[in-house]
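Here is my_file23.pdb, consisting of PDB, C-alpha atoms and all ligand atoms:
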```
ATOM      1  CA  MET M   1      49.570 138.259 160.930
ATOM      2  CA  ASN M   2      47.013 138.859 158.185
ATOM      3  CA  ARG M   3      48.383 138.905 154.663
ATOM      4  CA  THR M   4      47.231 140.593 151.497
ATOM      5  CA  LEU M   5      46.500 137.968 148.860
ATOM      6  CA  LYS M   6      47.013 138.738 145.196
ATOM      7  CA  PHE M   7      44.866 136.608 142.940
ATOM      8  CA  ASN M   8      45.504 136.068 139.259
ATOM      9  CA  ILE M   9      42.411 134.365 137.859
ATOM     10  CA  PHE M  10      41.595 133.007 134.409
ATOM     11  CA  ARG M  11      38.528 134.671 132.898
ATOM     12  CA  HIS M  12      36.688 133.641 129.729
ATOM     13  CA  ASN M  13      33.151 132.822 128.724
ATOM     14  CA  PRO M  14      33.284 130.770 125.510
ATOM     15  CA  ARG M  15      29.576 131.401 124.871
ATOM     16  CA  ASP M  16      30.081 135.169 124.829
ATOM     17  CA  PRO M  17      31.406 136.225 121.393
ATOM     18  CA  ASN M  18      32.940 139.348 122.978
ATOM     19  CA  SER M  19      34.908 137.405 125.570
ATOM     20  CA  THR M  20      38.602 136.661 125.111
ATOM     21  CA  PRO M  21      40.703 134.416 127.380
ATOM     22  CA  ARG M  22      42.633 136.557 129.833
ATOM     23  CA  MET M  23      44.009 136.697 133.380
ATOM     24  CA  GLU M  24      42.572 139.229 135.830
ATOM     25  CA  ASN M  25      44.048 140.440 139.115
ATOM     26  CA  TYR M  26      42.235 140.837 142.433
ATOM     27  CA  THR M  27      43.448 141.695 145.909
ATOM     28  CA  LEU M  28      41.935 140.404 149.145
ATOM     29  CA  GLU M  29      42.796 140.564 152.838
ATOM     30  CA  GLU M  30      43.337 137.080 154.207
ATOM     31  CA  SER M  31      41.405 136.026 157.293
ATOM     32  CA  SER M  32      42.047 133.197 159.721
ATOM     33  CA  GLY M  33      41.017 129.786 158.394
ATOM     34  CA  MET M  34      40.232 131.172 154.948
ATOM     35  CA  THR M  35      39.798 128.589 152.219
ATOM     36  CA  LEU M  36      39.881 129.263 148.499
ATOM     37  CA  TYR M  37      36.121 128.723 148.523
ATOM     38  CA  MET M  38      35.744 131.556 151.028
ATOM     39  CA  ALA M  39      38.130 133.773 149.098
ATOM     40  CA  LEU M  40      36.322 133.215 145.791
ATOM     41  CA  THR M  41      32.964 133.840 147.423
ATOM     42  CA  LEU M  42      34.234 137.152 148.832
ATOM     43  CA  LEU M  43      35.710 138.128 145.478
ATOM     44  CA  SER M  44      32.420 137.401 143.691
ATOM     45  CA  GLU M  45      30.458 139.341 146.339
ATOM     46  CA  GLU M  46      32.738 142.370 146.395
ATOM     47  CA  GLN M  47      34.775 142.577 143.197
ATOM     48  CA  ALA M  48      33.798 140.165 140.447
ATOM     49  CA  PRO M  49      30.047 139.415 140.535
ATOM     50  CA  ASP M  50      30.198 137.539 137.217
ATOM     51  CA  LEU M  51      33.071 135.222 138.232
ATOM     52  CA  ALA M  52      32.055 131.614 137.482
ATOM     53  CA  PHE M  53      33.225 128.819 139.772
ATOM     54  CA  ASP M  54      31.610 125.636 141.111
ATOM     55  CA  PHE M  55      30.897 124.623 144.688
ATOM     56  CA  VAL M  56      28.261 122.383 146.211
ATOM     57  CA  CYS M  57      29.336 120.678 149.439
ATOM     58  CA  ARG M  58      32.254 122.839 150.625
ATOM     59  CA  ALA M  59      33.530 119.716 152.386
ATOM     60  CA  GLY M  60      35.579 117.774 149.818
ATOM     61  CA  ILE M  61      32.695 115.427 149.030
ATOM     62  CA  CYS M  62      31.093 116.546 145.746
ATOM     63  CA  GLY M  63      34.306 117.075 143.742
ATOM     64  CA  SER M  64      32.888 120.093 141.902
ATOM     65  CA  CYS M  65      35.379 122.743 143.058
ATOM     66  CA  ALA M  66      38.524 121.264 141.502
ATOM     67  CA  MET M  67      40.745 123.788 139.754
ATOM     68  CA  VAL M  68      44.433 124.351 139.072
ATOM     69  CA  ILE M  69      45.875 126.171 142.076
ATOM     70  CA  ASN M  70      49.333 127.624 141.478
ATOM     71  CA  GLY M  71      49.908 124.976 138.824
ATOM     72  CA  ARG M  72      48.594 122.007 140.814
ATOM     73  CA  PRO M  73      45.099 120.493 140.562
ATOM     74  CA  GLY M  74      43.232 120.505 143.859
ATOM     75  CA  LEU M  75      39.922 121.114 145.612
ATOM     76  CA  ALA M  76      39.387 124.809 146.334
ATOM     77  CA  CYS M  77      37.114 124.142 149.307
ATOM     78  CA  ARG M  78      39.819 122.050 151.007
ATOM     79  CA  THR M  79      42.678 124.442 150.302
ATOM     80  CA  LEU M  80      43.599 126.877 153.058
ATOM     81  CA  THR M  81      45.034 130.130 151.739
ATOM     82  CA  GLU M  82      47.589 130.096 154.576
ATOM     83  CA  LYS M  83      49.175 127.052 152.907
ATOM     84  CA  LEU M  84      49.765 129.090 149.738
ATOM     85  CA  PRO M  85      52.066 132.004 148.961
ATOM     86  CA  THR M  86      50.437 135.449 148.756
ATOM     87  CA  LYS M  87      50.382 135.243 144.941
ATOM     88  CA  ILE M  88      47.685 132.771 143.941
ATOM     89  CA  THR M  89      47.023 131.815 140.330
ATOM     90  CA  LEU M  90      43.768 129.984 139.606
ATOM     91  CA  MET M  91      43.052 128.249 136.311
ATOM     92  CA  PRO M  92      40.235 125.924 135.233
ATOM     93  CA  LEU M  93      41.037 122.220 134.850
ATOM     94  CA  PRO M  94      42.237 121.580 131.290
ATOM     95  CA  THR M  95      41.037 118.424 129.451
ATOM     96  CA  PHE M  96      37.427 119.185 130.398
ATOM     97  CA  GLU M  97      35.008 121.420 128.500
ATOM     98  CA  LEU M  98      35.215 125.001 129.741
ATOM     99  CA  ILE M  99      31.885 126.422 130.900
ATOM    100  CA  ALA M 100      33.302 129.796 132.000
ATOM    101  CA  ASP M 101      36.202 131.124 134.088
ATOM    102  CA  LEU M 102      36.993 128.414 136.681
ATOM    103  CA  SER M 103      33.955 126.271 135.898
ATOM    104  CA  VAL M 104      34.405 123.153 133.735
ATOM    105  CA  ASN M 105      32.094 120.336 132.714
ATOM    106  CA  THR M 106      33.672 117.357 134.484
ATOM    107  CA  GLY M 107      30.230 115.707 134.599
ATOM    108  CA  LYS M 108      30.105 115.301 130.817
ATOM    109  CA  TRP M 109      33.541 113.639 130.761
ATOM    110  CA  MET M 110      32.777 111.415 133.762
ATOM    111  CA  ARG M 111      29.452 110.312 132.309
ATOM    112  CA  ALA M 112      31.009 109.377 128.949
ATOM    113  CA  MET M 113      33.763 107.431 130.757
ATOM    114  CA  SER M 114      31.236 105.667 133.027
ATOM    115  CA  GLU M 115      28.998 104.676 130.127
ATOM    116  CA  ARG M 116      31.944 103.398 128.138
ATOM    117  CA  LEU M 117      33.272 101.306 131.035
ATOM    118  CA  GLU M 118      29.783 100.448 132.339
ATOM    119  CA  THR M 119      30.730 101.403 135.871
ATOM    120  CA  TRP M 120      27.871  99.689 137.596
ATOM    121  CA  ALA M 121      27.500  96.192 139.034
ATOM    122  CA  HIS M 122      26.480  93.710 136.345
ATOM    123  CA  LEU M 123      24.233  91.359 138.294
ATOM    124  CA  GLN M 124      22.862  87.947 137.411
ATOM    125  CA  GLU M 125      19.352  88.300 136.065
ATOM    126  CA  GLU M 126      17.750  86.456 138.983
ATOM    127  CA  THR M 127      19.514  88.623 141.616
ATOM    128  CA  ASN M 128      16.930  89.784 144.096
ATOM    129  CA  ILE M 129      17.175  92.520 146.674
ATOM    130  CA  ASN M 130      18.120  90.071 149.458
ATOM    131  CA  LYS M 131      21.119  88.821 147.534
ATOM    132  CA  LEU M 132      22.041  92.335 146.511
ATOM    133  CA  GLU M 133      22.139  93.422 150.135
ATOM    134  CA  ALA M 134      23.569  90.203 151.586
ATOM    135  CA  PRO M 135      26.352  90.812 154.137
ATOM    136  CA  MET M 136      29.805  91.007 152.610
ATOM    137  CA  GLU M 137      33.020  89.861 154.220
ATOM    138  CA  PRO M 138      34.114  92.998 156.205
ATOM    139  CA  GLY M 139      37.638  93.133 154.791
ATOM    140  CA  LEU M 140      36.314  93.018 151.235
ATOM    141  CA  ALA M 141      33.617  95.594 151.972
ATOM    142  CA  GLU M 142      36.332  97.851 153.369
ATOM    143  CA  GLN M 143      38.439  97.452 150.207
ATOM    144  CA  ILE M 144      35.469  98.339 147.993
ATOM    145  CA  TYR M 145      34.532 101.272 150.213
ATOM    146  CA  GLU M 146      38.086 102.578 149.955
ATOM    147  CA  LEU M 147      37.877 102.749 146.142
ATOM    148  CA  ASP M 148      34.326 104.140 146.244
ATOM    149  CA  ARG M 149      35.659 107.293 147.956
ATOM    150  CA  CYS M 150      36.456 108.799 144.536
ATOM    151  CA  VAL M 151      34.537 112.087 144.183
ATOM    152  CA  GLU M 152      35.050 112.362 140.388
ATOM    153  CA  CYS M 153      36.802 115.711 140.783
ATOM    154  CA  GLY M 154      38.975 115.230 137.680
ATOM    155  CA  CYS M 155      42.274 116.207 139.352
ATOM    156  CA  CYS M 156      43.885 112.895 138.368
ATOM    157  CA  VAL M 157      42.916 113.414 134.718
ATOM    158  CA  THR M 158      44.371 116.929 134.685
ATOM    159  CA  ALA M 159      47.631 115.710 136.253
ATOM    160  CA  CYS M 160      48.054 112.857 133.758
ATOM    161  CA  GLY M 161      50.302 113.359 130.725
ATOM    162  CA  THR M 162      48.631 110.470 128.896
ATOM    163  CA  ALA M 163      45.176 111.998 129.347
ATOM    164  CA  ARG M 164      46.489 115.260 127.912
ATOM    165  CA  MET M 165      47.782 113.454 124.811
ATOM    166  CA  ARG M 166      45.027 110.871 124.343
ATOM    167  CA  GLU M 167      41.541 112.268 124.272
ATOM    168  CA  ASP M 168      39.882 108.892 124.958
ATOM    169  CA  PHE M 169      42.189 107.729 127.748
ATOM    170  CA  ILE M 170      40.013 106.660 130.689
ATOM    171  CA  GLY M 171      42.424 108.012 133.272
ATOM    172  CA  ALA M 172      43.167 106.752 136.751
ATOM    173  CA  VAL M 173      39.588 107.556 137.736
ATOM    174  CA  GLY M 174      38.278 105.050 135.172
ATOM    175  CA  ILE M 175      40.791 102.353 136.068
ATOM    176  CA  ASN M 176      39.994 102.813 139.755
ATOM    177  CA  LYS M 177      36.282 102.395 139.049
ATOM    178  CA  ILE M 178      36.775  99.166 137.123
ATOM    179  CA  ALA M 179      39.090  97.857 139.864
ATOM    180  CA  ARG M 180      36.259  98.516 142.317
ATOM    181  CA  PHE M 181      33.767  96.402 140.319
ATOM    182  CA  HIS M 182      36.364  93.724 139.704
ATOM    183  CA  LEU M 183      36.489  93.298 143.481
ATOM    184  CA  ASP M 184      32.702  93.183 143.864
ATOM    185  CA  PRO M 185      31.532  89.542 144.127
ATOM    186  CA  ARG M 186      28.086  90.528 142.808
ATOM    187  CA  ASP M 187      29.525  91.670 139.483
ATOM    188  CA  THR M 188      29.340  88.816 136.951
ATOM    189  CA  ARG M 189      31.824  90.228 134.439
ATOM    190  CA  THR M 190      34.836  88.076 133.548
ATOM    191  CA  ASN M 191      38.391  89.232 132.872
ATOM    192  CA  ALA M 192      37.574  88.956 129.136
ATOM    193  CA  ASP M 193      34.645  91.357 129.621
ATOM    194  CA  TYR M 194      36.904  93.829 131.417
ATOM    195  CA  TYR M 195      39.584  93.394 128.753
ATOM    196  CA  ALA M 196      37.071  94.442 126.101
ATOM    197  CA  VAL M 197      36.662  97.877 127.673
ATOM    198  CA  LEU M 198      40.041  98.330 129.358
ATOM    199  CA  GLY M 199      42.653  96.274 127.493
ATOM    200  CA  ASP M 200      43.962  98.817 124.999
ATOM    201  CA  ASP M 201      45.980 102.033 124.813
ATOM    202  CA  ASP M 202      42.993 104.108 125.901
ATOM    203  CA  GLY M 203      42.751 101.829 128.949
ATOM    204  CA  VAL M 204      45.340 100.312 131.292
ATOM    205  CA  PHE M 205      47.963  99.838 128.585
ATOM    206  CA  GLY M 206      47.983 103.560 127.772
ATOM    207  CA  CYS M 207      49.098 104.438 131.294
ATOM    208  CA  MET M 208      52.808 105.293 131.305
ATOM    209  CA  THR M 209      53.084 105.131 135.119
ATOM    210  CA  LEU M 210      53.637 108.867 135.364
ATOM    211  CA  LEU M 211      51.914 108.819 138.789
ATOM    212  CA  GLY M 212      50.774 112.435 138.727
ATOM    213  CA  CYS M 213      47.303 111.019 139.374
ATOM    214  CA  GLN M 214      48.200 109.602 142.760
ATOM    215  CA  ASP M 215      50.205 112.709 143.718
ATOM    216  CA  VAL M 216      47.216 115.020 143.351
ATOM    217  CA  CYS M 217      44.236 112.831 144.307
ATOM    218  CA  PRO M 218      42.549 114.781 147.133
ATOM    219  CA  LYS M 219      41.082 111.562 148.527
ATOM    220  CA  ASP M 220      44.509 109.859 148.666
ATOM    221  CA  LEU M 221      43.244 106.892 146.701
ATOM    222  CA  PRO M 222      45.792 104.131 146.057
ATOM    223  CA  LEU M 223      45.661 104.705 142.306
ATOM    224  CA  GLN M 224      49.109 103.309 141.562
ATOM    225  CA  THR M 225      48.165  99.989 143.181
ATOM    226  CA  GLN M 226      44.857  99.788 141.302
ATOM    227  CA  ILE M 227      46.483 100.544 137.945
ATOM    228  CA  ALA M 228      49.162  97.889 138.523
ATOM    229  CA  PHE M 229      46.505  95.394 139.676
ATOM    230  CA  MET M 230      44.262  95.880 136.639
ATOM    231  CA  ARG M 231      47.197  95.871 134.245
ATOM    232  CA  ARG M 232      48.384  92.550 135.670
ATOM    233  CA  LYS M 233      44.873  91.102 135.407
ATOM    234  CA  MET M 234      44.520  92.234 131.811
ATOM    235  CA  ALA M 235      48.004  91.015 130.817
ATOM    236  CA  LEU M 236      47.395  87.563 132.338
ATOM    237  CA  GLY M 237      43.921  87.307 130.762
TER     238      GLY M 237
HETATM  239 FE1  LIG M 301      39.470 112.897 141.990
HETATM  240 FE2  LIG M 301      41.005 110.973 143.063
HETATM  241 FE3  LIG M 301      38.668 110.341 141.938
HETATM  242 FE4  LIG M 301      40.701 111.116 140.402
HETATM  243  S1  LIG M 301      40.603 109.246 141.631
HETATM  244  S2  LIG M 301      38.596 111.801 140.212
HETATM  245  S3  LIG M 301      41.698 112.631 141.734
HETATM  246  S4  LIG M 301      38.990 111.621 143.776
HETATM  247 FE1  LIG M 302      48.474 108.961 134.063
HETATM  248 FE2  LIG M 302      48.487 108.074 136.514
HETATM  249 FE3  LIG M 302      49.109 106.465 134.532
HETATM  250  S1  LIG M 302      49.239 110.036 135.841
HETATM  251  S2  LIG M 302      50.045 107.809 133.024
HETATM  252  S3  LIG M 302      47.125 107.380 134.896
HETATM  253  S4  LIG M 302      50.025 106.517 136.537
HETATM  254 FE1  LIG M 303      32.380 119.923 147.069
HETATM  255 FE2  LIG M 303      34.679 121.290 147.084
HETATM  256  S1  LIG M 303      32.669 122.083 147.045
HETATM  257  S2  LIG M 303      34.422 119.149 146.976
END
```
Go ahead and render the structure in this file as structure tokens.
Amino acid sequence: MNRTLKFNIFRHNPRDPNSTPRMENYTLEESSGMTLYMALTLLSEEQAPDLAFDFVCRAGICGSCAMVINGRPGLACRTLTEKLPTKITLMPLPTFELIADLSVNTGKWMRAMSERLETWAHLQEETNINKLEAPMEPGLAEQIYELDRCVECGCCVTACGTARMREDFIGAVGINKIARFHLDPRDTRTNADYYAVLGDDDGVFGCMTLLGCQDVCPKDLPLQTQIAFMRRKMALG
């Protein structure tokens, strides 16, 4: 049976001096297989043409549609309305710079984190393309691939109490990225090099094992395991 959905959506454009943060209500008839992406598209077509929200892939791949859905961070394009109650509250991800309404600048945060941690393979100078693309042991390649599935959506940062308290905390997303390069045999960095960027309270030692990150990760990444692994590596030197 079709339901009537009642949306309560955060609205604010910080670049408009006349805009004030507020919640606005919208009503929509649910259809079969409706996702939050579809619902927001309908709302913007029919009721709120200036509603700002981000979508690119609509398939859980680009990470751009993350928002807080009834209090829980998640990907709007992968969330079926039938899994939610009829009252749906949508908020932008906190921690990240608000662009407008449900749109936040996760890219700016992710870029700063990536530059700080240097989340790319540090190769030996003489590495040529053949060595770079040399076959890797399948089990190891699988492990690296698993961690590379992160879509940088920011849900883990939003769900993390430490990230909310510590502006420079790299979050589970950052620790997962370093764990990925630590596994990569082409990366020449030593544990001491990793310690320099990760071995403080804004890195692995700031994590209080709250585990909200793993609970909300839409890609089901084994974040708890990666955090424990990197913490052990950093503690042992
Ligand atoms: Fe999103 Fe998971 Fe990557 Fe965090 S680790 S940014 S929750 S995909
Ligand atoms: Fe935060 Fe996850 Fe650690 S929620 S405190 S990064 S276990
Ligand atoms: Fe790309 Fe949702 S639109 S993950």
Expressed in Å, the length from atom CA of Asn176 of chain M to atom CA of Asn128 of chain M is 26.8 Å
What lies within 12 Å of segment 141-152 of chain M using all atoms listed in the file, ignoring chain neighbours under 2 positions off, as a ChimeraX atom specification? /M:57,59-66,75,105-111,113-114,119-120,133-139,154-158,171-186,214,217-223,225-226
With a distance cut-off of 10 Å and all atoms listed in the file, select the neighbouring residues of Thr209 of chain M, excluding the residue or stretch itself and same-chain residues fewer than 5 positions from it, and output the selection as number ranges by chain. M: 160-162, 204, 224, 227-228
First collect every listed atom of ligand LIG 303 (chain M); then fit an axis-aligned box around them, widen it by 5 Å on each side, and give centre and edge lengths in Å to one decimal, as lines of an AutoDock Vina configuration file.
```
center_x = 33.5
center_y = 120.6
center_z = 147.0
size_x = 12.3
size_y = 12.9
size_z = 10.1
```
May I ask for the distance between atom CA of Asn25 of chain M and atom FE1 of ligand LIG 301 (chain M), given in Å to one decimal place?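 Straight-line distance from atom CA of Asn25 of chain M to atom FE1 of ligand LIG 301 (chain M) works out to 28.1 Å.
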| Residues selected by the PyMOL selection byres (((chain M and resi 193) around 12) and not hetatm), written as number ranges by chain | M: 117-118, 122, 178, 181-182, 187-192, 194-199, 233-234, 237
Need the shell around Met67 of chain M: protein/DNA/RNA residues with any atom at most 7 Å away, counting only C-alpha atoms. Skip same-chain ones fewer than 3 positions apart. Format as an mmCIF file with C-alpha atoms, keeping the file's coordinate frame?
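Heads up, here's the output in selection-v1.cif:
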```
data_model
loop_
_atom_site.group_PDB
_atom_site.id
_atom_site.type_symbol
_atom_site.label_atom_id
_atom_site.label_comp_id
_atom_site.auth_asym_id
_atom_site.auth_seq_id
_atom_site.Cartn_x
_atom_site.Cartn_y
_atom_site.Cartn_z
ATOM 1 C CA PRO M 73 45.099 120.493 140.562
ATOM 2 C CA GLY M 74 43.232 120.505 143.859
ATOM 3 C CA LEU M 75 39.922 121.114 145.612
ATOM 4 C CA ALA M 76 39.387 124.809 146.334
ATOM 5 C CA LEU M 90 43.768 129.984 139.606
ATOM 6 C CA MET M 91 43.052 128.249 136.311
ATOM 7 C CA PRO M 92 40.235 125.924 135.233
ATOM 8 C CA LEU M 93 41.037 122.220 134.850
ATOM 9 C CA LEU M 102 36.993 128.414 136.681
#
```
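Reported to one decimal place, the separation of atom CA of Thr35 of chain M from atom FE2 of ligand LIG 303 (chain M) is 10.3 Å.
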